[in-house]
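Q: Sharing input_24.txt here; it has compact mmCIF, C-alpha atoms and all ligand atoms.
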# COMPACT_ATOMS: atom_id res chain seq x y z
CA MET B 1 -30.54 7.94 -15.10
CA THR B 2 -30.76 6.08 -11.82
CA ALA B 3 -29.32 7.72 -8.75
CA ARG B 4 -25.66 7.12 -8.08
CA THR B 5 -24.51 5.49 -4.88
CA TYR B 6 -21.28 6.12 -3.06
CA SER B 7 -19.15 4.21 -0.57
CA ILE B 8 -16.31 5.57 1.51
CA VAL B 9 -13.88 3.13 3.12
CA ILE B 10 -11.87 4.34 6.11
CA PRO B 11 -9.37 2.16 8.03
CA ILE B 12 -9.19 2.92 11.73
CA TYR B 13 -6.43 1.82 14.06
CA ASN B 14 -6.38 3.43 17.51
CA GLU B 15 -7.79 6.71 16.24
CA HIS B 16 -10.12 7.57 19.13
CA GLU B 17 -8.88 11.17 19.22
CA THR B 18 -9.75 11.69 15.58
CA ILE B 19 -13.04 9.81 15.23
CA PRO B 20 -15.42 12.60 16.41
CA THR B 21 -13.95 15.18 14.01
CA LEU B 22 -13.69 12.59 11.24
CA PHE B 23 -17.40 11.86 11.69
CA GLU B 24 -18.41 15.53 11.53
CA ARG B 25 -16.29 16.30 8.49
CA VAL B 26 -17.23 13.17 6.53
CA ARG B 27 -20.89 13.67 7.37
CA ALA B 28 -20.83 17.25 6.11
CA VAL B 29 -19.23 16.05 2.87
CA ILE B 30 -21.63 13.18 2.18
CA ASP B 31 -24.61 15.43 2.91
CA GLY B 32 -23.56 17.33 -0.20
CA PHE B 33 -23.42 14.21 -2.43
CA ASP B 34 -26.03 13.79 -5.17
CA GLY B 35 -26.82 10.21 -4.20
CA ALA B 36 -27.01 7.80 -1.29
CA ALA B 37 -23.74 7.27 0.57
CA GLU B 38 -22.40 4.70 3.00
CA VAL B 39 -19.26 5.06 5.07
CA ILE B 40 -17.49 1.84 5.97
CA LEU B 41 -15.21 2.26 8.95
CA VAL B 42 -12.89 -0.70 9.39
CA ASP B 43 -11.52 -1.16 12.86
CA ASP B 44 -8.19 -2.89 12.37
CA GLY B 45 -8.01 -4.46 15.81
CA SER B 46 -7.67 -1.21 17.74
CA ALA B 47 -6.60 -1.49 21.35
CA ASP B 48 -8.31 1.75 22.41
CA ASP B 49 -12.06 2.44 22.45
CA SER B 50 -12.29 3.07 18.69
CA TRP B 51 -14.73 0.18 18.12
CA ARG B 52 -17.13 1.38 20.80
CA MET B 53 -17.02 4.83 19.24
CA LEU B 54 -17.79 3.39 15.80
CA ILE B 55 -20.86 1.59 17.16
CA ASP B 56 -21.93 4.90 18.60
CA LEU B 57 -21.47 6.64 15.24
CA HIS B 58 -23.72 4.06 13.61
CA ALA B 59 -26.41 4.77 16.17
CA ARG B 60 -26.16 8.49 15.43
CA ASP B 61 -26.12 8.12 11.67
CA PRO B 62 -26.95 4.75 10.10
CA ARG B 63 -25.05 5.67 6.94
CA PHE B 64 -21.93 5.00 8.99
CA LYS B 65 -21.27 1.26 9.08
CA ALA B 66 -18.47 -0.50 10.85
CA LEU B 67 -16.45 -3.68 10.53
CA SER B 68 -14.18 -5.06 13.17
CA LEU B 69 -11.24 -7.24 12.22
CA SER B 70 -10.36 -9.99 14.67
CA ARG B 71 -6.90 -8.48 15.24
CA ASN B 72 -4.55 -5.93 13.73
CA PHE B 73 -4.04 -7.05 10.13
CA GLY B 74 -2.46 -3.87 8.83
CA HIS B 75 -3.63 -0.92 6.80
CA GLN B 76 -3.74 -2.60 3.37
CA VAL B 77 -5.80 -5.53 4.59
CA ALA B 78 -8.16 -3.21 6.47
CA VAL B 79 -8.73 -1.26 3.26
CA THR B 80 -9.32 -4.53 1.38
CA ALA B 81 -11.90 -5.63 3.96
CA GLY B 82 -13.71 -2.33 3.50
CA LEU B 83 -13.61 -2.62 -0.28
CA ASP B 84 -15.06 -6.15 -0.06
CA HIS B 85 -18.10 -4.72 1.73
CA ALA B 86 -18.58 -1.58 -0.34
CA ARG B 87 -21.73 -1.52 -2.47
CA GLY B 88 -21.55 1.91 -4.12
CA ASP B 89 -21.14 2.70 -7.81
CA ALA B 90 -18.14 4.77 -6.84
CA VAL B 91 -15.96 3.68 -3.94
CA MET B 92 -13.54 5.99 -2.19
CA VAL B 93 -10.71 5.19 0.21
CA LEU B 94 -9.33 7.61 2.73
CA ASP B 95 -7.17 7.48 5.83
CA GLY B 96 -8.79 7.72 9.23
CA ASP B 97 -6.35 10.29 10.57
CA LEU B 98 -7.72 13.16 8.42
CA GLN B 99 -4.47 13.43 6.48
CA ASP B 100 -6.62 12.95 3.41
CA PRO B 101 -9.16 15.76 3.74
CA PRO B 102 -12.70 14.44 3.06
CA GLU B 103 -13.47 17.81 1.47
CA VAL B 104 -11.45 16.68 -1.57
CA LEU B 105 -13.93 13.87 -2.35
CA PRO B 106 -16.37 15.98 -4.42
CA ALA B 107 -13.47 16.88 -6.73
CA LEU B 108 -12.69 13.16 -7.19
CA ILE B 109 -16.37 12.48 -7.90
CA GLN B 110 -16.37 15.27 -10.48
CA ARG B 111 -13.57 13.55 -12.43
CA TRP B 112 -15.40 10.22 -12.13
CA LYS B 113 -18.48 11.77 -13.68
CA GLU B 114 -16.27 13.00 -16.51
CA GLY B 115 -15.71 9.34 -17.34
CA TYR B 116 -12.60 8.28 -15.39
CA ASP B 117 -12.67 4.91 -13.63
CA VAL B 118 -9.89 5.55 -11.14
CA VAL B 119 -9.22 8.99 -9.73
CA TYR B 120 -6.23 8.90 -7.40
CA ALA B 121 -5.31 11.87 -5.28
CA VAL B 122 -1.79 13.19 -5.77
CA ARG B 123 -0.27 15.15 -2.92
CA THR B 124 1.54 18.38 -3.57
CA LYS B 125 3.08 18.78 -0.15
CA ARG B 126 3.66 16.45 2.71
CA LYS B 127 3.50 18.13 6.07
CA GLU B 128 5.78 15.57 7.66
CA ASN B 129 9.36 15.58 8.79
CA PHE B 130 12.20 15.65 6.32
CA VAL B 131 13.47 12.09 6.86
CA LYS B 132 10.04 10.59 6.26
CA ARG B 133 9.47 12.73 3.18
CA ALA B 134 12.85 11.75 1.76
CA ALA B 135 12.15 8.06 2.46
CA TYR B 136 8.80 8.24 0.68
CA ALA B 137 10.24 10.10 -2.30
CA LEU B 138 12.99 7.50 -2.63
CA PHE B 139 10.54 4.60 -2.33
CA TYR B 140 8.23 5.89 -5.04
CA ARG B 141 11.10 6.51 -7.38
CA ILE B 142 12.61 3.05 -6.81
CA LEU B 143 9.19 1.51 -7.34
CA LYS B 144 8.75 3.35 -10.59
CA GLN B 145 12.15 2.18 -11.82
CA LEU B 146 11.60 -1.41 -10.76
CA SER B 147 8.10 -2.16 -11.87
CA ASP B 148 6.74 -2.48 -15.34
CA LEU B 149 3.78 -0.63 -13.90
CA ASP B 150 3.64 3.09 -13.93
CA ILE B 151 2.47 3.64 -10.37
CA PRO B 152 1.87 7.38 -10.18
CA LEU B 153 4.39 9.20 -8.02
CA ASP B 154 3.17 10.61 -4.72
CA SER B 155 -0.19 8.95 -4.86
CA GLY B 156 -1.29 6.81 -1.95
CA ASP B 157 -4.43 4.85 -1.26
CA PHE B 158 -6.56 7.99 -1.23
CA CYS B 159 -8.66 7.55 -4.36
CA LEU B 160 -11.99 6.93 -5.99
CA MET B 161 -12.69 3.74 -7.93
CA ASP B 162 -15.53 2.80 -10.18
CA ARG B 163 -17.41 -0.39 -9.40
CA LYS B 164 -15.93 -2.14 -12.42
CA VAL B 165 -12.41 -1.47 -11.12
CA LEU B 166 -13.36 -3.04 -7.83
CA THR B 167 -14.80 -6.07 -9.58
CA ALA B 168 -11.57 -6.37 -11.55
CA MET B 169 -9.46 -6.05 -8.39
CA LYS B 170 -11.38 -8.90 -6.79
CA LEU B 171 -10.29 -11.12 -9.67
CA LEU B 172 -6.74 -10.84 -8.41
CA PRO B 173 -6.43 -13.65 -5.92
CA GLU B 174 -3.16 -12.68 -4.28
CA ARG B 175 -2.91 -12.50 -0.53
CA ASN B 176 -0.26 -9.88 -0.68
CA ARG B 177 -2.41 -6.77 -0.97
CA PHE B 178 -0.52 -3.74 -2.10
CA VAL B 179 -3.66 -1.83 -2.95
CA ARG B 180 -2.18 0.93 -5.07
CA GLY B 181 -0.13 -1.59 -7.10
CA ILE B 182 -3.22 -3.69 -7.82
CA ARG B 183 -5.21 -0.58 -8.61
CA THR B 184 -2.64 0.48 -11.17
CA TRP B 185 -2.39 -3.02 -12.63
CA VAL B 186 -6.09 -3.29 -13.50
CA GLY B 187 -5.86 -0.31 -15.83
CA TYR B 188 -9.01 1.33 -17.26
CA ARG B 189 -9.11 5.11 -17.47
CA GLN B 190 -7.06 6.55 -14.63
CA THR B 191 -6.30 10.10 -13.70
CA GLY B 192 -4.80 12.07 -10.85
CA CYS B 193 -6.25 14.92 -8.87
CA VAL B 194 -3.91 17.19 -6.92
CA TYR B 195 -4.49 17.98 -3.25
CA GLU B 196 -2.56 19.17 -0.27
CA ARG B 197 -1.96 16.48 2.32
CA ASP B 198 -2.56 17.59 5.87
CA ARG B 199 -0.73 16.75 9.03
CA ARG B 200 -2.12 13.94 11.12
CA PHE B 201 -5.08 15.30 13.12
CA ALA B 202 -4.00 13.65 16.37
CA GLY B 203 -1.74 10.93 17.69
CA ASP B 204 1.27 9.41 16.00
CA SER B 205 1.61 7.54 12.77
CA LYS B 206 0.41 3.99 13.22
CA TYR B 207 3.04 2.83 10.81
CA THR B 208 6.10 1.73 12.69
CA LEU B 209 9.37 1.67 10.80
CA ALA B 210 9.02 -2.11 10.52
CA LYS B 211 5.50 -1.86 9.05
CA LEU B 212 6.66 0.78 6.61
CA MET B 213 9.60 -1.38 5.53
CA GLY B 214 7.14 -4.25 5.14
CA LEU B 215 4.96 -2.12 2.90
CA ALA B 216 7.96 -1.03 0.85
CA TYR B 217 9.04 -4.69 0.48
CA ASP B 218 5.52 -5.72 -0.51
CA GLY B 219 5.42 -2.89 -2.99
CA ILE B 220 8.65 -3.85 -4.63
CA PHE B 221 8.45 -7.64 -4.55
CA SER B 222 4.77 -7.78 -5.49
CA VAL B 223 5.06 -5.64 -8.60
CA SER B 224 8.49 -6.62 -9.84
CA THR B 225 10.74 -9.58 -10.46
CA LEU B 226 13.62 -7.31 -11.35
CA PRO B 227 15.55 -8.07 -8.13
CA LEU B 228 15.88 -11.67 -9.33
CA ARG B 229 17.19 -10.53 -12.69
CA VAL B 230 19.66 -8.19 -11.03
CA ALA B 231 20.97 -11.16 -9.04
CA VAL B 232 21.52 -13.11 -12.25
CA TYR B 233 23.31 -10.20 -13.94
CA LEU B 234 25.48 -9.76 -10.87
CA GLY B 235 26.36 -13.45 -10.92
CA PHE B 236 27.31 -13.36 -14.60
CA SER B 237 29.39 -10.20 -14.25
CA LEU B 238 31.27 -11.66 -11.30
CA SER B 239 31.94 -14.90 -13.18
CA GLY B 240 33.29 -12.82 -16.06
CA LEU B 241 35.58 -10.96 -13.72
CA ALA B 242 36.76 -14.20 -12.15
CA VAL B 243 37.69 -15.70 -15.54
CA MET B 244 39.63 -12.55 -16.43
CA GLY B 245 41.38 -12.65 -13.08
CA ALA B 246 42.33 -16.31 -13.58
CA CYS B 247 43.77 -15.57 -17.04
CA TRP B 248 45.81 -12.76 -15.58
CA VAL B 249 47.22 -15.00 -12.81
CA VAL B 250 48.21 -17.68 -15.36
CA TYR B 251 49.79 -15.06 -17.63
CA GLU B 252 51.85 -13.57 -14.81
CA LYS B 253 53.06 -17.03 -13.81
CA ILE B 254 53.99 -18.29 -17.28
CA PHE B 255 55.44 -15.18 -18.90
CA ARG B 256 56.84 -13.25 -15.96
CA GLY B 257 57.41 -16.03 -13.46
CA ILE B 258 55.51 -14.30 -10.69
CA ALA B 259 53.22 -16.37 -8.51
CA LEU B 260 50.77 -13.95 -6.94
CA VAL B 261 50.53 -13.89 -3.23
CA GLY B 262 48.06 -11.96 -1.21
CA TRP B 263 45.99 -12.66 1.79
CA PRO B 264 44.19 -9.29 1.79
CA SER B 265 42.99 -9.59 -1.81
CA THR B 266 41.75 -13.13 -1.21
CA MET B 267 39.86 -12.02 1.87
CA THR B 268 38.32 -9.07 0.05
CA VAL B 269 37.12 -11.21 -2.82
CA MET B 270 35.77 -13.84 -0.44
CA THR B 271 33.79 -11.45 1.69
CA LEU B 272 32.51 -9.64 -1.38
CA LEU B 273 31.33 -12.90 -2.90
CA GLY B 274 29.91 -14.07 0.43
CA GLY B 275 27.92 -10.84 0.63
CA PHE B 276 26.58 -11.19 -2.89
CA ILE B 277 25.63 -14.81 -2.39
CA LEU B 278 23.81 -14.13 0.86
CA SER B 279 21.93 -11.12 -0.46
CA THR B 280 20.94 -13.06 -3.56
CA LEU B 281 19.66 -15.88 -1.37
CA GLY B 282 17.74 -13.25 0.57
CA VAL B 283 16.12 -11.96 -2.61
CA ILE B 284 15.11 -15.48 -3.60
CA GLY B 285 13.88 -16.01 -0.05
CA GLU B 286 11.59 -13.00 -0.35
CA TYR B 287 9.87 -14.53 -3.34
CA VAL B 288 9.75 -18.00 -1.80
CA SER B 289 8.12 -16.63 1.34
CA ARG B 290 5.57 -14.85 -0.82
CA ILE B 291 4.84 -18.05 -2.73
CA TYR B 292 4.44 -19.79 0.63
CA GLN B 293 1.93 -17.17 1.79
CA GLU B 294 -0.04 -17.59 -1.42
CA VAL B 295 -0.20 -21.37 -1.42
CA LYS B 296 -1.40 -21.50 2.17
CA GLN B 297 -4.62 -19.93 0.87
CA ARG B 298 -5.54 -18.49 4.22
CA PRO B 299 -8.32 -15.94 4.35
CA LEU B 300 -6.95 -12.42 4.17
CA TYR B 301 -8.67 -11.31 7.36
CA LEU B 302 -11.24 -12.45 9.89
CA LEU B 303 -14.11 -10.33 11.16
CA LYS B 304 -15.28 -10.30 14.73
CA GLY B 305 -18.05 -7.75 14.40
CA LYS B 306 -20.28 -5.93 11.91
CA MET B 307 -22.40 -2.87 12.45
CA GLY B 308 -24.98 -1.66 9.95
CA TYR B 309 -25.32 -4.85 7.92
CA GLU B 310 -28.55 -6.88 7.93
CA ASP B 311 -26.58 -10.04 8.28
CA THR B 312 -24.51 -9.41 11.36
CA SER B 313 -23.29 -12.99 11.63
CA VAL B 314 -19.58 -13.10 11.24
CA PRO B 315 -18.16 -15.59 8.75
N1 LIG Q 1 -3.95 1.86 9.96
C1 LIG Q 1 -4.58 0.62 10.05
N2 LIG Q 1 -3.83 -0.45 10.49
C2 LIG Q 1 -2.51 -0.34 10.80
C3 LIG Q 1 -1.89 0.92 10.66
C4 LIG Q 1 -2.64 1.99 10.23
O1 LIG Q 1 -5.76 0.48 9.77
O2 LIG Q 1 -1.91 -1.35 11.17
C5 LIG Q 1 -4.76 3.01 9.51
C6 LIG Q 1 -4.65 4.25 10.40
O3 LIG Q 1 -5.63 4.26 11.40
C7 LIG Q 1 -4.89 5.37 9.39
C8 LIG Q 1 -4.33 4.81 8.10
O4 LIG Q 1 -4.28 3.40 8.26
O5 LIG Q 1 -6.27 5.60 9.21
C9 LIG Q 1 -2.97 5.36 7.78
O6 LIG Q 1 -2.09 5.12 8.85
P1 LIG Q 1 -1.05 6.20 9.37
O7 LIG Q 1 -1.67 7.55 9.38
O8 LIG Q 1 -0.50 5.71 10.66
O9 LIG Q 1 0.04 6.11 8.22
P2 LIG Q 1 0.88 7.32 7.60
O10 LIG Q 1 -0.10 8.40 7.25
O11 LIG Q 1 1.82 7.73 8.66
O12 LIG Q 1 1.53 6.71 6.41
MG MG Q 2 -1.45 9.18 8.36
Turn the structure described in the file into structure tokens.
A:
Amino acid sequence: MTARTYSIVIPIYNEHETIPTLFERVRAVIDGFDGAAEVILVDDGSADDSWRMLIDLHARDPRFKALSLSRNFGHQVAVTAGLDHARGDAVMVLDGDLQDPPEVLPALIQRWKEGYDVVYAVRTKRKENFVKRAAYALFYRILKQLSDLDIPLDSGDFCLMDRKVLTAMKLLPERNRFVRGIRTWVGYRQTGCVYERDRRFAGDSKYTLAKLMGLAYDGIFSVSTLPLRVAVYLGFSLSGLAVMGACWVVYEKIFRGIALVGWPSTMTVMTLLGGFILSTLGVIGEYVSRIYQEVKQRPLYLLKGKMGYEDTSVP
């Protein structure tokens, strides 16, 4: 059997405090691998000196390669850029803030050798504040309800994928990269591997509330069309109610001689309907904007630098 090769993709956004420790810990882990390894660090347009530090890492250990995106494209796109450049038979993704301990990787590799194509890490505990934990728990449960896909609860992007999964993922042309949704969609033999998620090593989460909401939206609207169906059901139910209401008004008038008056009820119904109509338009808008993004066919990201690749010219 030929030697196995491994790739590790790590997105980096303003992580200069973490990079030295990340380097030491990842290096210790890949030294223990039974085959050649490459580490692809993707600088997602950091504003600090992360990129300079990554160049330095490559000089110290050529197994560490680096890509620099032309600006901040976001976590999911950074991961995708790394995956596009990964050459290993098994490709792993982990966060650059050491929340996903690199020491877990050998366990993922073990499951891969047992014949699984995707081994996703499932966290037992989140060492984060209550509000954030509650928000995540809610999101994953909504996602599970909404999508036809069974995206495993409490699994993030931390995972190992076989080369054939990566090849399959590249067949999906969509611009809207919700990596764990795509990973689940491709199928093959998937399994989870439990680990304890650490606190961020240093600095604050690089996900602002807006970015997190964006990710949640992408998650929901990219895996499910259920929101559209809900809008239709809502419309039908309301029409049903309206017909019943109309019958009642006519009945009261004809048989009991009462003409209904009522400003408050009219206002209530009007605002309710207005709300429904606007939110439904919003839902449609979400899909239209996604269609718009797709038809523009823009590249997903642009590179401004490469370190550790023979061809350093940037496309
Ligand atoms: N990240 C990135 N681009 C961004 C935001 C984050 O590449 O726009 C990276 C970040 O450096 C980290 C990983 O994605 O390695 C996860 O981000 P973070 O820890 O901020 O997210 P959280 O763990 O809070 O969900
Ligand atoms: Mg983190």
Q: For Gly187 in chain B, find every residue with an atom within 12 Å (counting only C-alpha atoms), except residues of its own chain fewer than 3 positions away, and show them as number ranges by chain.
A: B: 116-119, 149-151, 161-162, 164-166, 168-169, 180-184, 190-191
Q: Using only C-alpha atoms, can you tell me which of B:Arg141, B:Arg111, B:Lys65, B:Arg163 comes closest to Tyr6 in chain B?
A: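 Ranking B:Arg141, B:Arg111, B:Lys65, B:Arg163 by distance to Tyr6 in chain B, first place goes to B:Arg163.
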Q: Could you give me the residues within 9 Å of ligand LIG 1 (chain Q), counting only C-alpha atoms and all ligand atoms, as JSON, numbers by chain?
A: {"B": [10, 11, 12, 13, 14, 15, 42, 43, 44, 45, 46, 72, 73, 74, 75, 76, 77, 78, 79, 94, 95, 96, 97, 98, 99, 100, 128, 156, 199, 200, 203, 204, 205, 206, 207, 208, 211, 212]}
Q: Include C-alpha atoms and write out the residues we just selected as an mmCIF file, in the frame of the given file.
A:
data_model
loop_
_atom_site.group_PDB
_atom_site.id
_atom_site.type_symbol
_atom_site.label_atom_id
_atom_site.label_comp_id
_atom_site.auth_asym_id
_atom_site.auth_seq_id
_atom_site.Cartn_x
_atom_site.Cartn_y
_atom_site.Cartn_z
ATOM 1 C CA ILE B 10 -11.870 4.340 6.110
ATOM 2 C CA PRO B 11 -9.370 2.160 8.030
ATOM 3 C CA ILE B 12 -9.190 2.920 11.730
ATOM 4 C CA TYR B 13 -6.430 1.820 14.060
ATOM 5 C CA ASN B 14 -6.380 3.430 17.510
ATOM 6 C CA GLU B 15 -7.790 6.710 16.240
ATOM 7 C CA VAL B 42 -12.890 -0.700 9.390
ATOM 8 C CA ASP B 43 -11.520 -1.160 12.860
ATOM 9 C CA ASP B 44 -8.190 -2.890 12.370
ATOM 10 C CA GLY B 45 -8.010 -4.460 15.810
ATOM 11 C CA SER B 46 -7.670 -1.210 17.740
ATOM 12 C CA ASN B 72 -4.550 -5.930 13.730
ATOM 13 C CA PHE B 73 -4.040 -7.050 10.130
ATOM 14 C CA GLY B 74 -2.460 -3.870 8.830
ATOM 15 C CA HIS B 75 -3.630 -0.920 6.800
ATOM 16 C CA GLN B 76 -3.740 -2.600 3.370
ATOM 17 C CA VAL B 77 -5.800 -5.530 4.590
ATOM 18 C CA ALA B 78 -8.160 -3.210 6.470
ATOM 19 C CA VAL B 79 -8.730 -1.260 3.260
ATOM 20 C CA LEU B 94 -9.330 7.610 2.730
ATOM 21 C CA ASP B 95 -7.170 7.480 5.830
ATOM 22 C CA GLY B 96 -8.790 7.720 9.230
ATOM 23 C CA ASP B 97 -6.350 10.290 10.570
ATOM 24 C CA LEU B 98 -7.720 13.160 8.420
ATOM 25 C CA GLN B 99 -4.470 13.430 6.480
ATOM 26 C CA ASP B 100 -6.620 12.950 3.410
ATOM 27 C CA GLU B 128 5.780 15.570 7.660
ATOM 28 C CA GLY B 156 -1.290 6.810 -1.950
ATOM 29 C CA ARG B 199 -0.730 16.750 9.030
ATOM 30 C CA ARG B 200 -2.120 13.940 11.120
ATOM 31 C CA GLY B 203 -1.740 10.930 17.690
ATOM 32 C CA ASP B 204 1.270 9.410 16.000
ATOM 33 C CA SER B 205 1.610 7.540 12.770
ATOM 34 C CA LYS B 206 0.410 3.990 13.220
ATOM 35 C CA TYR B 207 3.040 2.830 10.810
ATOM 36 C CA THR B 208 6.100 1.730 12.690
ATOM 37 C CA LYS B 211 5.500 -1.860 9.050
ATOM 38 C CA LEU B 212 6.660 0.780 6.610
#
Q: Write out as a list in words the residues lying within 9 Å of Asn176 in chain B, counting only C-alpha atoms and excluding same-chain residues fewer than 4 positions away.
A: Val77, Asp218, Ser222, Arg290, Gln293, Glu294 and Leu300 of chain B
Q: For the residues in that selection, give me C-alpha atoms as a tab-separated table (two decimals), in the frame of the given file.
A:
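Just written: selection_37.tsv:
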chain	number	residue	atom	x	y	z
B	77	VAL	CA	-5.80	-5.53	4.59
B	218	ASP	CA	5.52	-5.72	-0.51
B	222	SER	CA	4.77	-7.78	-5.49
B	290	ARG	CA	5.57	-14.85	-0.82
B	293	GLN	CA	1.93	-17.17	1.79
B	294	GLU	CA	-0.04	-17.59	-1.42
B	300	LEU	CA	-6.95	-12.42	4.17
Q: Mind checking which residues fall within 9 Å of Met53 in chain B, counting only C-alpha atoms, ignoring those fewer than 5 positions away in the same chain, and posting them as number ranges by chain?
A: B: 16, 19-20, 58
Q: At a cut-off of 6 Å around the point (-13.2, 3.1, 3.9) (file coordinates), what residues fall inside when counting all atoms listed in the file? I'd like the answer as a JSON list (two decimals) with C-alpha atoms, in the frame of the given file.
A:
[["chain", "number", "residue", "atom", "x", "y", "z"],
["B", 8, "ILE", "CA", -16.31, 5.57, 1.51],
["B", 9, "VAL", "CA", -13.88, 3.13, 3.12],
["B", 10, "ILE", "CA", -11.87, 4.34, 6.11],
["B", 11, "PRO", "CA", -9.37, 2.16, 8.03],
["B", 40, "ILE", "CA", -17.49, 1.84, 5.97],
["B", 41, "LEU", "CA", -15.21, 2.26, 8.95],
["B", 82, "GLY", "CA", -13.71, -2.33, 3.50],
["B", 93, "VAL", "CA", -10.71, 5.19, 0.21]]
Q: Extract, using all atoms listed in the file, all DNA, RNA and protein residues at most 12 Å from range 264-276 of chain B, discarding same-chain residues fewer than 2 positions from it, and format them as a VMD selection string.
A: chain B and resid 230 to 239 241 to 242 245 260 to 262 278 to 283
Q: If we count all atoms listed in the file, what is near Pro102 in chain B at a cut-off of 6 Å, once residues fewer than 2 positions away on the same chain are taken out, given as a PyMOL selection string?
A: chain B and resi 26+104-105
Q: What is the CA of Ile291 in chain B-CA of Pro173 in chain B distance in Å, reported with one decimal?
A: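 The value is 12.5 Å.
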Q: Which one of B:Ala121, B:Leu146, B:Ala202, B:Ala59 sits closest to ligand MG 2 (chain Q) if you count all atoms listed in the file?
A: B:Ala202
Q: Nearest residue to ligand MG 2 (chain Q) out of B:Arg189, B:Lys304, B:Lys296, B:Lys132, using only C-alpha atoms and all ligand atoms?
A: B:Lys132
Q: Hey, can you check how far CA of Val223 in chain B sits from CA of Tyr287 in chain B?
A: 11.4 Å
Q: Counting all atoms listed in the file, which of B:Ile55, B:Leu303, B:Ala90, B:Val243 gets nearest to Phe33 in chain B?
A: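 That would be B:Ala90, the residue with the smallest distance to Phe33 in chain B.
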